[in-house]
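Everything below concerns the one structure shown next.
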Amino acid sequence: MNTKPVILHDPTSEATPTTRPRRPPPDSLDGKTVALFDIGKARAGEFLDHLEARLRARGVSTARFAKPTNAKPATTRLLGDIATGADAVVEALAD
């Protein structure tokens with residue numbers, strides 16, 4: 001049995017991580033726009049396509065955003081576009 005300690009690394013790659021309080025989810029998605037954010041992982045687009053169809057069937061507006069690759073962090077501009085263009089975000093993590 002391996003007795004070495006497990007070392008966890010901060011995936012945000014921040015030298016000094018900032019703790020932010022979680023924003024409460026909206027009470028309803030009525031009249032809201034949901035950002036569907038593809039981080040570039042395999043099959044994430046399929047998941048978001050399905051979710052987008054389900055949201056639109058309920059009358060919820062969606063906006064699609066994507067990173068060009070999962071190997072690099074999202075740009076400040078892309079994150080700003082998401083923040084100003086949506087009320088809620090679904091980030092697709094898939095493999």
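Every chain in the structure tokens has a letter given in the order shown (A, B, ...), and although residue numbers restart at 1 in each chain, ligands are simply numbered from 1 in the order shown.
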
ask   = range 5-87 of chain A: which residues are strand (DSSP E) by DSSP, as an MDAnalysis selection string?
value = chainID A and resid 33:38 61:66

Would you write out those residues with C-alpha atoms, as a short mmCIF file (atom, residue, chain, number, x, y, z; two decimals), in the first residue's frame?
```cif
data_model
loop_
_atom_site.label_atom_id
_atom_site.label_comp_id
_atom_site.auth_asym_id
_atom_site.auth_seq_id
_atom_site.Cartn_x
_atom_site.Cartn_y
_atom_site.Cartn_z
CA THR A 33 -29.78 34.12 -20.68
CA VAL A 34 -27.75 31.01 -19.93
CA ALA A 35 -24.18 30.92 -21.24
CA LEU A 36 -23.15 27.51 -22.51
CA PHE A 37 -19.36 27.44 -22.17
CA ASP A 38 -17.36 24.79 -24.06
CA SER A 61 -32.35 32.12 -24.07
CA THR A 62 -28.86 30.73 -24.54
CA ALA A 63 -25.52 32.11 -25.69
CA ARG A 64 -22.62 29.88 -26.76
CA PHE A 65 -19.03 30.54 -25.80
CA ALA A 66 -15.94 28.41 -26.37
#
```

key: Exercise: range 74-76 of chain A partners within 12 Å, only C-alpha atoms, chain neighbours under 2 positions left out, as number ranges by chain   = A: 12, 37-40, 65-72, 78-83, 91

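Note that CA of Glu46 in chain A and CA of Pro73 in chain A are 21.3 Å apart.
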
task = For Asp30 in chain A, please output as a list in words all residues within 8 Å (counting only C-alpha atoms; exclusion window: fewer than 2 positions along the same chain).
result = Ser28, Lys32, Gly59 and Val60 of chain A

Just to be explicit: take each residue in the selection above, keep N, CA and C atoms, and write the result as a short mmCIF file (atom, residue, chain, number, x, y, z; two decimals), in the first residue's frame.
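Here's the written file out.cif:
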```
data_model
loop_
_atom_site.label_atom_id
_atom_site.label_comp_id
_atom_site.auth_asym_id
_atom_site.auth_seq_id
_atom_site.Cartn_x
_atom_site.Cartn_y
_atom_site.Cartn_z
N SER A 28 -35.28 31.68 -10.93
CA SER A 28 -35.90 31.14 -12.13
C SER A 28 -35.03 31.53 -13.33
N LYS A 32 -34.04 35.08 -18.49
CA LYS A 32 -32.59 35.07 -18.31
C LYS A 32 -31.90 34.48 -19.54
N GLY A 59 -38.13 27.89 -23.39
CA GLY A 59 -38.18 29.33 -23.60
C GLY A 59 -37.02 30.09 -22.99
N VAL A 60 -35.96 29.39 -22.63
CA VAL A 60 -34.79 30.04 -22.03
C VAL A 60 -33.81 30.42 -23.13
#
```

task = Mind the document's chain letters and residue numbers, and return as a PyMOL selection string the residues of chain A that DSSP labels alpha helix (DSSP H).
result = chain A and resi 44-57+76-85

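For the pair CA of Leu51 in chain A and CA of Val90 in chain A, the interatomic distance is 9.3 Å.
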
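Taking CA of Asp49 in chain A as the reference point, CA of Leu93 in chain A is found at 13.5 Å.
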
ask   = What's the 8 Å shell around Pro25 in chain A, counting only C-alpha atoms, without same-chain residues fewer than 2 positions away, as a PyMOL selection string?
value = chain A and resi 23+27+88

Would you output that residue set with C-alpha atoms, as an mmCIF file, in the first residue's frame?
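Written output follows (selection_19.cif):
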```cif
data_model
loop_
_atom_site.group_PDB
_atom_site.id
_atom_site.type_symbol
_atom_site.label_atom_id
_atom_site.label_comp_id
_atom_site.auth_asym_id
_atom_site.auth_seq_id
_atom_site.Cartn_x
_atom_site.Cartn_y
_atom_site.Cartn_z
ATOM 1 C CA ARG A 23 -23.278 33.656 -5.936
ATOM 2 C CA ASP A 27 -34.778 31.785 -8.564
ATOM 3 C CA ALA A 88 -26.019 31.996 -15.513
#
```
